[in-house]
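Notes for the one structure printed next.
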Amino acid sequence: MQFTKSFLSLTLSLLLSKAVAVPRPAPLGRRCVNSAEDRSCWSDSFDLSTNYYDEVPDTGETVEVWLELVNTTAALDGVSRNVLTVNGTFPGPTIIANWGDTVVVHLTNGLANNGTGLHFHGIRQNYTNEMDGVPSITQCPVAPGESITYTWRATQYGSTWYHSHFALQAWEGVLGGIIINGPASGNYDTDMGVMFLNDWSHETADALYEEAQTSGPPTLDNGLINGTNTYEDAGSRFTMNVTAGNTHRIRLINGAIDTHFKFMIDDHNLTVIAMDLVPIVPYSTQVLSIGMGQRYDVIVDATESSGNYWIRAIPQESCSENSNTDDIKGIMRYDATDTSDPETSAYTYTDSCLDEDLSSLVPYVSLDADSESVSEDLAVTVGRSNNVFKWYMAGTTFLSSWESPTLLQIANDVTEYTTQEHVIDLPTADQWVYFIIETANTVPHPIHLHGHDFWILAQATGTYSADSTTLNLDNPPRRDVAMLPGAGYLVIAFITDNPGAWLMHCHIGWHTSEGFALQLIERYDEIEALTDLDTLNSTCIAWEEYAESSGVEQEDSGV
């Protein structure tokens, strides 16, 4: 990977009553320079109290990155299998930019027989919908041997990731981190970078998909921390060296296909300072619950003087199965020359697939939700069609077409869509939209919305009731992935402030492929003018030629 730039160096019903009060931090003065002693600073005009939805630094800088997808064989946990990698590594290279920079990503599809598209997870793509990287929604797949360039602005800051949005390709290895440097709500000495938590199998995800469709989610073999782990007597542990007395920022990313993790570092507390790309009022915990697609930034204070300590990513058995539940571990060392294994013990925890308590997740930039202009009640169910499992939202299982993405249809003035394309039309600017997502099924689901952060107004097990469910409108948590509890409900709200075709889906890989998705067409009349039709058309022409010559057939939902 190559970089070009100079950057700062950093080591749907409404209840207006029953609102829940949360603490509100005081605004900061605009001052000083970001440093280990005051990470809330950023520049003379921007700091932690800046409303990043409205104000973004104009750095005039561009980060330019070249990525190539390649087929390879790798033994990430000591067991060899086929892997699809970014620039030959898993995880792929981390994209690093500063708040306000323009990011240019040149992607070459060097895969032998796969299309692709690269999604920048959680990046709002404000007025750049065509850069969202979702085949069948914002583009056709990039054919083998072809390239595409994505350009977007880092209007947020924090930690996130990029991944393929083509079939199950992300969980074959097409993923990597994104760091957007900016202010933080907690001080720290050293930025340790991203830490990926992944589940892993010794067969490819594609090979396991038939089992997932016909029999339900397969039991996975193992898990990885930053792309490595042991299995039986093979493989190696991820290690992280720390300095006694210093504080260390870790950017956690759950990149799993079907595993909710509890994360901990033995004998050390975690200070949580951000969820997804939203800085929060810091809180301390020993055990962190992180769902698929979610990110948390944590600070670890190296309070011990010496020793080695287990870093643990523990799959939660209440929502998935893994054959190596107790041994997905890395090592935190105070002395890099001491290569012995830790003898430390895990904290106690309750096995569950729930989000962190909403009362702990207080956004630092305080923004209240407003009453809804549009509301949708989306019941989640599962059924069988042609002897395979399909997931449904509001009675519809999603199906779109690789060769006919929504943006191309909009460019061709299409205004009517198939039932299975599951379009929710949102034509009016700056309206509040409420989604009430509920299920009687006991399986929890991580719900991800593209193009927006959403406000979490309610989240619980049980049955949603417009008459009795309390909605929190007072600076509720904001993020881009939240858990729909099993046999429960999730109420989210967002503003129609970003024209485009945006996907909302479950981030369990099997479920997305099995139709657990819908799309929003937001401010239709503004979309075509924001779209580069030359790139859109040329990508689709190249894909159609490849598909016709290779005989490739779409076997999943298209996203």
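Chains: A, B, ... in order of the structure tokens. Residues: from 1 per chain. Ligands: from 1, in order shown.
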Next item on the list: Compile the contact shell of Thr512 of chain A as a ChimeraX atom specification: residues with an atom at most 7 Å away, counting only C-alpha atoms, same-chain residues fewer than 6 positions apart removed.
Entry: /A:505-506,559
Note to self: I'd like to know which residues of segment 70-225 of chain A are strand (DSSP E) (by DSSP, run on the backbone); could you write them as a ChimeraX atom specification?
What the structure shows: /A:70-74,81-86,92-98,102-109,118-121,147-153,158-164,175-181,190-200,222-225
With a cut-off of 9 Å, could you pull out the residues of segment 449-553 of chain A touching segment 111-121 of chain A and give me the nearest pair of atoms for each, distance in Å to one decimal, using only C-alpha atoms, ordered by chain and ascending number, as a Markdown table?
```
| residue | atom | partner | partner_atom | distance |
| --- | --- | --- | --- | --- |
| A:His450 | CA | A:His121 | CA | 7.6 |
| A:Asp480 | CA | A:His121 | CA | 8.7 |
| A:Trp543 | CA | A:Gly115 | CA | 7.8 |
| A:Ser550 | CA | A:Asn113 | CA | 8.5 |
| A:Val552 | CA | A:Asn113 | CA | 8.7 |
```
Name all residues at most 12 Å from Ala74 of chain A (count only C-alpha atoms; drop same-chain ones fewer than 5 positions away) and give them as a PDB file with C-alpha atoms, in the first residue's frame.
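Result file is part_19.pdb:
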```
ATOM      1  CA  VAL A  79      -4.120 -24.558   9.344  1.00  0.00           C
ATOM      2  CA  SER A  80      -3.687 -23.821   5.647  1.00  0.00           C
ATOM      3  CA  ARG A  81      -6.656 -22.779   3.475  1.00  0.00           C
ATOM      4  CA  ASN A  82      -7.523 -20.530   0.552  1.00  0.00           C
ATOM      5  CA  VAL A  83      -7.707 -16.869   1.549  1.00  0.00           C
ATOM      6  CA  LEU A  84      -8.561 -13.702  -0.373  1.00  0.00           C
ATOM      7  CA  THR A  85      -6.289 -10.899   0.798  1.00  0.00           C
ATOM      8  CA  GLY A  88      -1.336  -9.992   0.326  1.00  0.00           C
ATOM      9  CA  THR A  89      -2.141  -9.530   4.020  1.00  0.00           C
ATOM     10  CA  PHE A  90      -4.933 -10.326   6.467  1.00  0.00           C
ATOM     11  CA  GLU A 172     -12.635 -14.836   3.036  1.00  0.00           C
ATOM     12  CA  GLY A 173     -10.211 -12.026   3.952  1.00  0.00           C
ATOM     13  CA  HIS A 202     -10.833 -24.120   8.005  1.00  0.00           C
ATOM     14  CA  THR A 204     -14.018 -21.110   3.102  1.00  0.00           C
ATOM     15  CA  GLY A 227      -5.250 -12.117  11.805  1.00  0.00           C
ATOM     16  CA  THR A 228      -3.535 -14.774  13.884  1.00  0.00           C
ATOM     17  CA  GLY A 235      -0.064 -21.183  14.684  1.00  0.00           C
TER      18      GLY A 235
END
```
Next item on the list: Would you kindly return, as a PyMOL selection string, each protein, DNA or RNA residue with an atom no farther than 8 Å from any atom of Val174 of chain A, considering only C-alpha atoms and excluding same-chain residues fewer than 2 positions away?
Entry: chain A and resi 69+84-86+90-92+163-164+169-172+176
Output of the above residues as a CSV table (one decimal), in the first residue's frame, restricted to N, CA and C atoms:
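This is the output file selection-v4.csv:
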```csv
chain,number,residue,atom,x,y,z
A,69,LEU,N,-6.7,-6.9,-4.6
A,69,LEU,CA,-7.2,-8.1,-4.0
A,69,LEU,C,-6.5,-9.3,-4.8
A,84,LEU,N,-8.6,-14.9,0.5
A,84,LEU,CA,-8.6,-13.7,-0.4
A,84,LEU,C,-8.0,-12.5,0.4
A,85,THR,N,-7.0,-11.9,0.0
A,85,THR,CA,-6.3,-10.9,0.8
A,85,THR,C,-6.2,-9.6,0.1
A,86,VAL,N,-6.0,-8.5,0.9
A,86,VAL,CA,-5.8,-7.2,0.4
A,86,VAL,C,-4.3,-6.9,0.4
A,90,PHE,N,-3.7,-10.3,5.7
A,90,PHE,CA,-4.9,-10.3,6.5
A,90,PHE,C,-4.6,-9.9,7.9
A,91,PRO,N,-5.3,-8.9,8.5
A,91,PRO,CA,-6.1,-7.9,7.7
A,91,PRO,C,-5.3,-7.2,6.7
A,92,GLY,N,-6.0,-6.5,5.8
A,92,GLY,CA,-5.4,-5.7,4.8
A,92,GLY,C,-4.8,-4.4,5.4
A,163,HIS,N,-14.4,-3.3,3.9
A,163,HIS,CA,-14.6,-4.7,3.6
A,163,HIS,C,-15.3,-4.9,2.3
A,164,SER,N,-15.1,-6.0,1.7
A,164,SER,CA,-15.9,-6.3,0.5
A,164,SER,C,-17.4,-6.4,0.8
A,169,GLN,N,-17.4,-12.4,0.5
A,169,GLN,CA,-16.0,-12.2,0.3
A,169,GLN,C,-15.2,-11.5,1.4
A,170,ALA,N,-15.9,-10.7,2.2
A,170,ALA,CA,-15.3,-10.0,3.3
A,170,ALA,C,-14.7,-11.1,4.3
A,171,TRP,N,-15.4,-12.2,4.5
A,171,TRP,CA,-15.0,-13.2,5.5
A,171,TRP,C,-14.2,-14.3,4.9
A,172,GLU,N,-13.7,-14.1,3.6
A,172,GLU,CA,-12.6,-14.8,3.0
A,172,GLU,C,-11.3,-14.1,3.2
A,176,GLY,N,-9.9,-4.6,6.1
A,176,GLY,CA,-8.8,-3.9,6.7
A,176,GLY,C,-9.3,-2.7,7.5
```
Item checked: A:Ala369, A:Val242, A:Leu407, A:Ala440 ranked by distance to Ile492 of chain A, top pick (using only C-alpha atoms) -> A:Ala369
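If you count only C-alpha atoms and ignore residues fewer than 6 places along the chain from Ile541 of chain A, what sits within 10 Å of it is Cys140, Val142, Ala143, Glu403, Thr535 and Ala547 of chain A.
Nearest-residue note for Ser305 of chain A: choosing from A:Gly60, A:Gly500, A:Pro363, A:Gly245, the minimum distance belongs to A:Gly245, counting only C-alpha atoms.
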Note to self: I'd like to know which residues of segment 249-447 of chain A are alpha helix (DSSP H) (by DSSP, run on the backbone); could you write them as a PyMOL selection string?
What the structure shows: chain A and resi 406-411
